[in-house]
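First comes the structure, then the notes that go with it.
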Amino acid sequence: MGITTSSLNFALVFYSHDKFGANAFQASLLCSLYSLAYLISCMVVGKFFQNLPPYKSLLIGISGLLIGMILLLMAPTLKFAYVTHLLNGCSMAFYWPMLMGWLSIGMEGKQLSRISSIFNFSWSTGTIIAPFLAGLLSDINAAYPIYACIAFCTVNLIYVAIAGAHADEAPPKPKTSNSTTVAATAPASRSPLIRFPSWIGVLCAWLPVGFLLYAYPLVAEKTLGFSRHHVGNLLLVRALLTTLAMSAMGFFQFWQFKYWQLVAGHAILALTTLLFGFAKGTAAILVLMAVTGIFNAHAYTNSMFHGISGSTNRTSRMAAHETLLSVGTVLGGALSGHIFVKTDSLRSCAMVIAILTSTAIIVDIAFWIVAKRTNQV
């Protein structure tokens, strides 16, 4: 599903431009509506569908996405495309939070970190392939990536329908030396507090993600003269480093429950975002994409780990995590697209997004001070 959703949103930036004449703001808004629908639906699904069997929830999500993509190809106007892409976002709320909540049942500490790493590697591998594939196909015909996404989604639907019917409702709980509650294996005195700056951090970290995925492709094509395939290759580097960094963090524990690494990571990401407004050459942009990918992974992993550590309601916590990702993506994509339409300046887009991203640093420091005063460090 990672390759399907990532390819779809990348392709829609150019598809909406070619078919409907959408500008950077309208194209980024179309993609942002997916994240907005996902955001709202995560809260609804997490509240009212908690008892839905996991594999049935996955089937609902995949089926809804498949229908939505077919309707996108049939959309006669941009407004109709807006509505159909809202359906796609709603559908994925039945998929991602339920999947991770299901996989992490009974996990805590090192086991939780490891399963989170494997999960992150799995979905993010698709995001590596997606920009390359969608960029290549978009150079030929903007609709081709959507056809490819429909094919991927159909295969996934068949697989889940067959495999899910024979799966347990929840994976078996791992054996531990402590037979008390799962939550008791986590440092509960620290987990509730540090999850808040981690959540704010992932929201702010996904502002540049929205900028790079939803606005930057058209902006780079117009201002830097890059081909769609070239833009896809640049975004591939960000996705690749995100995947590698997520995987690496799952095998180390030194960063867990440490405030200093939150401050450092968020500061580097804000600075890197600012530099996108000044970089014009391919080599410089590749470096910035790589650094952005690493610290997107840093923020994502902190939010996921600290968010669900010590909690017995993993699905709801994952829904909160996914909600914040969606808020950041929506704001970053729509705001940067709007700024570019108004100013015709890549530098202005990067500066505004960087300033907003840097607010995470203030939150980190504030919670760090509170944690020290309450002996939670």
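Residues are named by chain letter and number: chains run A, B, ... in the order of the structure tokens, numbers start at 1 in each chain, and ligands are numbered from 1 in the order shown.
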
Using only C-alpha atoms, what table do you get, as a tab-separated table, when you list each residue of range 10-36 of chain A with an atom no more than 12 Å from range 63-71 of chain A, its nearest pair of atoms, and their distance in Å rounded to one decimal, rows by chain then rising number?
```
residue	atom	partner	partner_atom	distance
A:Ala11	CA	A:Met69	CA	11.6
A:Leu12	CA	A:Met69	CA	10.5
A:Tyr34	CA	A:Leu65	CA	10.7
```

message = List the spatial neighbours of range 213-217 of chain A as a PyMOL selection string - criterion: any atom at most 7 Å away, only C-alpha atoms, same-chain residues fewer than 4 positions off excluded.
response = chain A and resi 10+13+24+28+31+209+221+231+333+336-337

How would the residues just picked look written out with C-alpha atoms as an mmCIF file, in the first residue's frame?
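What follows is the written file part-v9.cif:
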```
data_model
loop_
_atom_site.group_PDB
_atom_site.id
_atom_site.type_symbol
_atom_site.label_atom_id
_atom_site.label_comp_id
_atom_site.auth_asym_id
_atom_site.auth_seq_id
_atom_site.Cartn_x
_atom_site.Cartn_y
_atom_site.Cartn_z
ATOM 1 C CA PHE A 10 2.743 12.142 -6.633
ATOM 2 C CA VAL A 13 0.114 16.693 -8.807
ATOM 3 C CA ALA A 24 0.447 24.678 -7.680
ATOM 4 C CA SER A 28 -1.357 20.639 -3.597
ATOM 5 C CA CYS A 31 -3.381 15.949 -2.490
ATOM 6 C CA VAL A 209 6.890 16.581 3.682
ATOM 7 C CA GLU A 221 9.255 21.905 -12.884
ATOM 8 C CA VAL A 231 11.814 15.325 -9.617
ATOM 9 C CA GLY A 333 1.162 21.120 1.096
ATOM 10 C CA SER A 336 3.305 26.146 0.344
ATOM 11 C CA GLY A 337 1.185 25.818 -2.808
#
```

Selection: 10 Å around Ile194 in chain A, only C-alpha atoms, excl. self and same-chain fewer than 6 positions, as a compact mmCIF listing (two decimals) with C-alpha atoms, in the first residue's frame:
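Output (out08.txt):
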```
# COMPACT_ATOMS: atom_id res chain seq x y z
CA GLN A 256 14.54 6.56 23.67
CA PHE A 257 13.05 8.97 26.26
CA LYS A 258 15.83 11.51 25.58
CA TYR A 259 14.85 15.13 25.00
CA LEU A 262 14.35 15.68 19.83
CA ASN A 302 9.97 9.18 18.04
CA SER A 303 6.26 9.85 17.65
CA HIS A 306 6.85 7.29 22.52
CA GLY A 307 3.21 7.51 21.51
CA ASP A 364 10.81 20.32 22.96
CA PHE A 367 8.74 19.94 27.93
CA TRP A 368 12.38 19.20 28.66
CA ALA A 371 10.57 16.92 32.76
CA GLN A 376 11.14 12.59 34.52
CA VAL A 377 14.46 12.76 32.68
```

request  = Do a neighbour search on range 151-157 of chain A at 9 Å with only C-alpha atoms, toss out local chain neighbours closer than 2 positions, and write the hits as a list of chain:residue names.
outcome  =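 Residues near the query, excluding close chain neighbours: A:Met1, A:Ile3, A:Thr4, A:Leu58, A:Leu59, A:Ile62, A:Ser63, A:Leu65, A:Leu66, A:Ile146, A:Tyr147, A:Ala148, A:Cys149, A:Tyr159, A:Val160, A:Ala161, A:Ile162.
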
note = Counting only C-alpha atoms, the residue among A:Leu346, A:Ile40, A:Leu8, A:Leu30 that lies closest to Leu224 in chain A is A:Leu346

ask   = From the list A:Lys19, A:Lys56, A:Lys79, A:His298, which residue is nearest Thr242 in chain A when using only C-alpha atoms?
value =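 Ranked by minimum distance to Thr242 in chain A, first place goes to A:His298.
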
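Atom pair CA of Tyr144 in chain A / CA of Ser35 in chain A: separated by 22.3 Å.
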
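Near Phe226 in chain A, within 12 Å and counting only C-alpha atoms, sit Gly135, Asp139, Tyr216, Pro217, Leu218, Val219, Ala220, Glu221, Lys222, His230, Val231, Gly232, Asn233, Leu234, Lys280, Gly281, Thr282 and Ile285 of chain A, not including residues fewer than 4 positions from it in the same chain.
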
query = Which of these residues is nearest to Ala320 in chain A, using only C-alpha atoms: A:Leu87, A:Arg195, A:Met92, A:Ser16?
reply =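 Comparing A:Leu87, A:Arg195, A:Met92, A:Ser16 against Ala320 in chain A, the winner is A:Arg195.
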
Counting only C-alpha atoms, the residue of A:Met43, A:Leu52, A:Leu335, A:Ala163 that sits nearest His321 in chain A = A:Met43

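Minimum distance to Val237 in chain A across A:Ala37, A:Val202, A:Val291, A:Leu356 (counting only C-alpha atoms) occurs at A:Val291.
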
inquiry  = Quick check, in Å to one decimal: how far apart do CA of Pro197 in chain A and CA of Thr329 in chain A lie?
reply    =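 Separating CA of Pro197 in chain A from CA of Thr329 in chain A is a distance of 17.7 Å.
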
query = For the atom pair CA of Asp18 in chain A and CA of His85 in chain A, what is the interatomic distance in Å to one decimal place?
reply =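 These atoms are spaced 16.9 Å apart.
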
A:Met74, A:Ala283, A:Met100, A:Cys204 ranked by distance to Val363 in chain A, top pick (using only C-alpha atoms) = A:Cys204
